[in-house]
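Trainee: This is final_1.txt (compact mmCIF, C-alpha atoms).
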# COMPACT_ATOMS: atom_id res chain seq x y z
CA MET A 1 -229.75 70.89 81.15
CA THR A 2 -228.57 69.48 77.83
CA SER A 3 -225.26 68.49 76.34
CA SER A 4 -224.55 68.54 72.61
CA ALA A 5 -222.28 65.53 73.08
CA THR A 6 -224.63 63.27 75.00
CA GLY A 7 -228.16 64.56 74.57
CA ARG A 8 -230.32 65.24 77.62
CA PHE A 9 -229.09 64.32 81.07
CA GLU A 10 -230.24 64.87 84.59
CA ALA A 11 -228.23 65.46 87.75
CA ASP A 12 -228.78 67.04 91.13
CA PRO A 13 -227.92 70.77 90.73
CA SER A 14 -225.63 70.50 93.76
CA TRP A 15 -223.25 68.42 91.63
CA THR A 16 -222.66 71.37 89.30
CA ARG A 17 -221.50 73.78 91.98
CA LEU A 18 -217.92 74.96 92.16
CA PRO A 19 -216.32 73.20 95.16
CA HIS A 20 -215.32 75.44 98.05
CA ALA A 21 -211.65 76.34 98.30
CA GLU A 22 -209.78 78.94 100.29
CA PRO A 23 -207.72 81.63 98.51
CA GLY A 24 -204.24 80.37 97.81
CA ASN A 25 -205.26 76.70 97.73
CA ARG A 26 -203.50 74.33 95.36
CA ILE A 27 -206.13 72.43 93.37
CA GLY A 28 -205.64 69.36 91.21
CA LEU A 29 -208.21 68.97 88.43
CA PHE A 30 -208.81 65.34 87.53
CA GLY A 31 -211.10 65.21 84.53
CA GLY A 32 -212.71 62.32 82.72
CA SER A 33 -215.83 60.39 81.86
CA PHE A 34 -215.35 58.02 84.84
CA ASN A 35 -217.43 55.45 83.01
CA PRO A 36 -217.25 53.91 85.55
CA ALA A 37 -214.91 55.31 88.20
CA HIS A 38 -212.59 52.65 89.62
CA SER A 39 -209.68 52.04 91.98
CA GLY A 40 -207.14 53.05 89.33
CA HIS A 41 -208.71 56.51 89.20
CA ARG A 42 -208.52 56.77 92.95
CA LEU A 43 -204.83 55.80 92.89
CA VAL A 44 -204.05 58.48 90.28
CA ALA A 45 -205.88 61.11 92.35
CA GLU A 46 -204.17 60.09 95.58
CA THR A 47 -200.75 60.08 93.93
CA ALA A 48 -201.19 63.61 92.63
CA LEU A 49 -202.69 64.82 95.91
CA ASN A 50 -199.69 63.60 97.89
CA ARG A 51 -196.83 64.14 95.47
CA LEU A 52 -197.85 67.65 94.37
CA LYS A 53 -198.74 68.65 97.93
CA LEU A 54 -202.24 69.67 96.86
CA ASP A 55 -204.93 71.07 99.12
CA GLN A 56 -207.68 69.39 97.10
CA VAL A 57 -208.36 67.25 94.06
CA TRP A 58 -211.52 68.02 92.11
CA TRP A 59 -212.87 65.11 90.09
CA LEU A 60 -214.40 66.78 87.02
CA VAL A 61 -216.95 64.28 85.74
CA THR A 62 -217.62 65.33 82.16
CA PRO A 63 -221.02 65.10 80.45
CA GLY A 64 -219.19 63.48 77.52
CA ASN A 65 -215.64 63.33 76.21
CA PRO A 66 -215.61 64.69 72.61
CA LEU A 67 -212.90 62.16 71.68
CA LYS A 68 -214.79 59.08 72.91
CA ASP A 69 -217.71 56.98 71.69
CA HIS A 70 -220.79 57.71 73.80
CA SER A 71 -222.78 54.58 72.98
CA ASP A 72 -221.82 52.98 76.30
CA LEU A 73 -221.79 56.19 78.33
CA ALA A 74 -223.76 55.86 81.58
CA PRO A 75 -225.99 58.76 82.71
CA LEU A 76 -224.08 61.65 84.27
CA SER A 77 -225.87 61.29 87.60
CA GLN A 78 -224.87 57.63 87.84
CA ARG A 79 -221.22 58.38 87.06
CA LEU A 80 -221.17 61.19 89.62
CA GLU A 81 -222.55 58.93 92.33
CA GLN A 82 -220.03 56.20 91.51
CA ALA A 83 -217.15 58.68 91.56
CA ALA A 84 -218.31 60.16 94.86
CA ALA A 85 -218.54 56.70 96.44
CA LEU A 86 -214.97 56.00 95.37
CA ALA A 87 -213.42 59.38 96.13
CA ARG A 88 -214.29 59.35 99.81
CA HIS A 89 -211.60 61.65 101.13
CA PRO A 90 -211.89 65.02 102.91
CA ARG A 91 -209.70 66.64 100.28
CA MET A 92 -211.34 65.14 97.20
CA LYS A 93 -214.42 66.76 95.68
CA VAL A 94 -216.60 65.42 92.86
CA THR A 95 -218.26 67.93 90.57
CA ALA A 96 -220.01 68.27 87.21
CA ILE A 97 -219.05 71.94 86.93
CA GLU A 98 -218.43 71.50 83.18
CA ALA A 99 -222.16 70.88 82.76
CA ARG A 100 -222.88 74.30 84.26
CA LEU A 101 -220.06 76.02 82.37
CA ARG A 102 -221.08 74.23 79.17
CA THR A 103 -217.46 73.64 78.25
CA ALA A 104 -216.75 70.63 76.07
CA TYR A 105 -212.97 70.88 76.04
CA THR A 106 -210.35 70.92 78.80
CA ALA A 107 -208.70 74.11 77.54
CA GLU A 108 -212.05 75.92 77.80
CA THR A 109 -212.73 74.53 81.26
CA LEU A 110 -209.32 75.63 82.53
CA ALA A 111 -209.75 79.13 81.16
CA ARG A 112 -213.17 79.47 82.80
CA LEU A 113 -212.02 78.11 86.16
CA LYS A 114 -208.97 80.36 86.21
CA GLY A 115 -211.26 83.28 85.45
CA LEU A 116 -213.71 82.34 88.19
CA ARG A 117 -211.01 81.62 90.78
CA PRO A 118 -207.84 83.55 89.92
CA ASP A 119 -206.84 83.22 93.59
CA LEU A 120 -206.28 79.46 93.24
CA SER A 121 -203.37 77.51 91.76
CA PHE A 122 -204.44 74.72 89.42
CA ALA A 123 -202.83 71.56 88.09
CA TRP A 124 -204.27 69.20 85.48
CA ILE A 125 -204.01 65.51 86.44
CA MET A 126 -204.19 62.61 84.01
CA GLY A 127 -203.18 58.99 83.71
CA ALA A 128 -200.21 58.19 81.48
CA ASP A 129 -202.50 56.35 79.05
CA ASN A 130 -203.99 59.74 78.13
CA LEU A 131 -200.61 61.30 77.37
CA ALA A 132 -200.24 59.16 74.24
CA GLY A 133 -203.20 60.92 72.61
CA PHE A 134 -202.85 64.28 74.34
CA HIS A 135 -201.72 65.97 71.11
CA ARG A 136 -205.20 65.32 69.71
CA TRP A 137 -206.89 67.35 72.45
CA GLN A 138 -208.17 70.74 71.40
CA ASP A 139 -205.54 73.41 72.15
CA TRP A 140 -203.34 70.94 74.01
CA ARG A 141 -200.43 73.37 73.87
CA GLY A 142 -202.65 75.96 75.52
CA ILE A 143 -203.38 73.54 78.36
CA LEU A 144 -199.67 73.12 79.05
CA ASN A 145 -199.21 76.87 78.91
CA GLN A 146 -202.04 77.48 81.39
CA VAL A 147 -201.35 75.06 84.24
CA THR A 148 -199.04 72.44 85.66
CA VAL A 149 -199.75 69.05 84.06
CA ALA A 150 -199.16 65.98 86.23
CA VAL A 151 -199.06 62.61 84.47
CA VAL A 152 -199.35 59.51 86.66
CA ASN A 153 -198.17 56.16 85.30
CA ARG A 154 -200.70 53.45 84.48
CA PRO A 155 -200.29 49.77 83.53
CA GLY A 156 -198.83 49.48 80.03
CA ALA A 157 -198.20 53.22 79.91
CA SER A 158 -195.14 53.81 82.04
CA LEU A 159 -192.62 54.36 79.25
CA SER A 160 -194.13 54.61 75.76
CA PRO A 161 -196.18 57.79 76.52
CA LEU A 162 -192.92 59.63 77.22
CA TYR A 163 -192.24 59.34 73.48
CA ALA A 164 -195.68 60.65 72.53
CA PRO A 165 -195.86 63.81 70.36
CA ALA A 166 -196.86 66.06 73.26
CA ALA A 167 -194.13 64.69 75.52
CA ARG A 168 -191.51 65.21 72.83
CA ALA A 169 -192.74 68.70 71.96
CA PHE A 170 -192.51 69.80 75.62
CA ALA A 171 -189.58 67.61 76.64
CA ARG A 172 -187.50 70.55 77.84
CA TYR A 173 -190.32 71.60 80.18
CA ARG A 174 -190.49 68.27 82.01
CA LEU A 175 -189.67 68.60 85.70
CA ALA A 176 -187.71 66.06 87.66
CA GLU A 177 -190.07 63.94 89.73
CA VAL A 178 -188.38 65.07 92.94
CA ASP A 179 -189.42 68.65 92.10
CA ALA A 180 -193.14 67.80 91.90
CA PRO A 181 -193.99 69.66 95.16
CA LEU A 182 -192.61 72.87 93.59
CA ALA A 183 -194.60 72.60 90.37
CA LEU A 184 -197.60 74.76 91.29
CA SER A 185 -195.30 77.53 92.51
CA MET A 186 -193.71 77.79 89.07
CA LYS A 187 -194.99 79.54 85.97
CA PRO A 188 -196.13 77.16 83.18
CA PRO A 189 -195.37 75.53 80.88
CA HIS A 190 -194.09 72.52 82.76
CA TRP A 191 -195.17 68.95 83.39
CA VAL A 192 -194.11 66.10 85.61
CA PHE A 193 -194.35 62.33 85.29
CA LEU A 194 -195.19 60.62 88.59
CA HIS A 195 -194.49 56.96 89.26
CA ALA A 196 -196.94 55.10 91.49
CA PRO A 197 -198.04 51.52 92.23
CA LEU A 198 -199.86 50.12 89.22
CA ASP A 199 -203.54 49.20 89.40
CA PRO A 200 -204.64 47.04 86.43
CA VAL A 201 -208.32 47.99 86.63
CA SER A 202 -209.69 49.98 83.68
CA SER A 203 -213.08 51.42 82.76
CA THR A 204 -212.99 49.62 79.40
CA ALA A 205 -212.49 46.23 81.05
CA LEU A 206 -215.21 46.93 83.62
CA ARG A 207 -217.72 47.84 80.91
CA ALA A 208 -216.85 44.67 79.00
CA THR A 209 -217.42 42.59 82.14
CA GLN A 210 -220.76 44.32 82.74
CA LYS A 211 -221.84 43.52 79.15
CA GLU A 212 -220.95 39.87 79.57
CA ALA A 213 -222.98 39.69 82.77
CA ARG A 214 -226.14 40.93 81.11
Hey, can you dump this file as structure tokens for me?

Mentor:
Amino acid sequence: MTSSATGRFEADPSWTRLPHAEPGNRIGLFGGSFNPAHSGHRLVAETALNRLKLDQVWWLVTPGNPLKDHSDLAPLSQRLEQAAALARHPRMKVTAIEARLRTAYTAETLARLKGLRPDLSFAWIMGADNLAGFHRWQDWRGILNQVTVAVVNRPGASLSPLYAPAARAFARYRLAEVDAPLALSMKPPHWVFLHAPLDPVSSTALRATQKEAR
């Protein structure tokens, strides 16, 4: 398979399968490059899983984020294996389904998944550091109009992202944190900001450390 964003990559075809879910399940979609996956990612996923009362969280490991530099991007297979080693939980699934769908943008991925599994309820999960630039995502308004969006706080991003363009534009659709378990039963648009313990680890810092060690 090939990706216009990252060139040729290889991965076990089993990684690109749609994870199994029973009709009516509540699924959190946690997308990213995971370059590399780390404990902060796991904390975000666990927070959403518990606070939204999800049946599963699917880690969507992307072939390549269109908004990020790919010069330091590890092979997809390596990032999948690292994510799977970290997300060891019976209700967390790691997948490269976007490689099979050939969707480069979140809005496209959501539309395809909702079409493939209209019997599931989806939520999009992201760290608060991504909310600051969310208005630069393709069709970001469409994302908010398609699914619940759950934003989990991250170090240095617990307050300022709430003043980001997307947060301001959809301020009246923000749910109280105590109502998070009800979110997937409600019709979008709506989003919720979830507070959690802060883990200072970041992919950027880990890559810098790896470079220094070479």

Trainee: Select all residues near (-212.6, 65.2, 89.4) (cut-off 6 Å, inclusive, file coordinates), counting all atoms listed in the file, and output them as a count of residues only.

Mentor: 8

Trainee: Please, which residues in segment 143-184 of chain A fall within 12 Å of segment 11-27 of chain A when counting only C-alpha atoms, and what is the closest atom pair and distance in Å to one decimal for each, ordered by chain then residue number, as a tab-separated table?

Mentor:
residue	atom	partner	partner_atom	distance
A:Val147	CA	A:Ile27	CA	10.6
A:Thr148	CA	A:Ile27	CA	10.5
A:Val149	CA	A:Ile27	CA	11.8
A:Ala150	CA	A:Ile27	CA	11.9
A:Pro181	CA	A:Arg26	CA	10.6
A:Leu182	CA	A:Arg26	CA	11.1
A:Ala183	CA	A:Arg26	CA	10.3
A:Leu184	CA	A:Arg26	CA	7.2

Trainee: Applying 9 Å and all atoms listed in the file, which residues near Arg42 of chain A remain after dropping the ones on its own chain fewer than 5 positions away? List them as an MDAnalysis selection string.

Mentor: chainID A and resid 37 47 83 86:87

Trainee: Using all atoms listed in the file, which of the listed residues (A:Gly40, A:Lys114, A:Asn35, A:Phe134) sits closest to Arg168 of chain A?

Mentor: A:Phe134

Trainee: Hey, which of A:Ala180, A:Ile125, A:Ala111, A:Ala164 ends up closest to Gly32 of chain A? Count only C-alpha atoms.

Mentor: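 Of A:Ala180, A:Ile125, A:Ala111, A:Ala164, the one nearest Gly32 of chain A is A:Ile125, counting only C-alpha atoms.
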
Trainee: Between A:Leu131, A:Val57, A:Met92, A:Ala84, which residue has the minimum interatomic distance to Tyr163 of chain A, considering all atoms listed in the file?

Mentor: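 The shortest atom-to-atom distance to Tyr163 of chain A comes from A:Leu131.
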
Trainee: Could you tell me how far atom CA of Leu175 of chain A lies from atom CA of Val151 of chain A, in Å and to one decimal?

Mentor: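 Spanning atom CA of Leu175 of chain A to atom CA of Val151 of chain A is a straight-line distance of 11.2 Å.
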
Trainee: Ranking A:Arg154, A:Arg141, A:Arg51, A:His190 by minimum distance to Ala128 of chain A and counting all atoms listed in the file, which one comes first?

Mentor: A:Arg154

Trainee: Can you work out the spacing between atom CA of Arg91 of chain A and atom CA of Leu120 of chain A in Å, to one decimal?

Mentor: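 Distance reported for this atom pair: 15.0 Å.
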
Trainee: Do you know which residues are at most 12 Å from Asn145 of chain A counting all atoms listed in the file, after dropping those on the same chain fewer than 6 positions away, and could you put them as a short mmCIF file (atom, residue, chain, number, x, y, z; two decimals) with C-alpha atoms, keeping the file's coordinate frame?

Mentor:
data_model
loop_
_atom_site.label_atom_id
_atom_site.label_comp_id
_atom_site.auth_asym_id
_atom_site.auth_seq_id
_atom_site.Cartn_x
_atom_site.Cartn_y
_atom_site.Cartn_z
CA ALA A 107 -208.70 74.11 77.54
CA LEU A 110 -209.32 75.63 82.53
CA ALA A 111 -209.75 79.13 81.16
CA PHE A 122 -204.44 74.72 89.42
CA ALA A 123 -202.83 71.56 88.09
CA TRP A 124 -204.27 69.20 85.48
CA ASP A 139 -205.54 73.41 72.15
CA PHE A 170 -192.51 69.80 75.62
CA TYR A 173 -190.32 71.60 80.18
CA MET A 186 -193.71 77.79 89.07
CA LYS A 187 -194.99 79.54 85.97
CA PRO A 188 -196.13 77.16 83.18
CA PRO A 189 -195.37 75.53 80.88
CA HIS A 190 -194.09 72.52 82.76
CA TRP A 191 -195.17 68.95 83.39
#
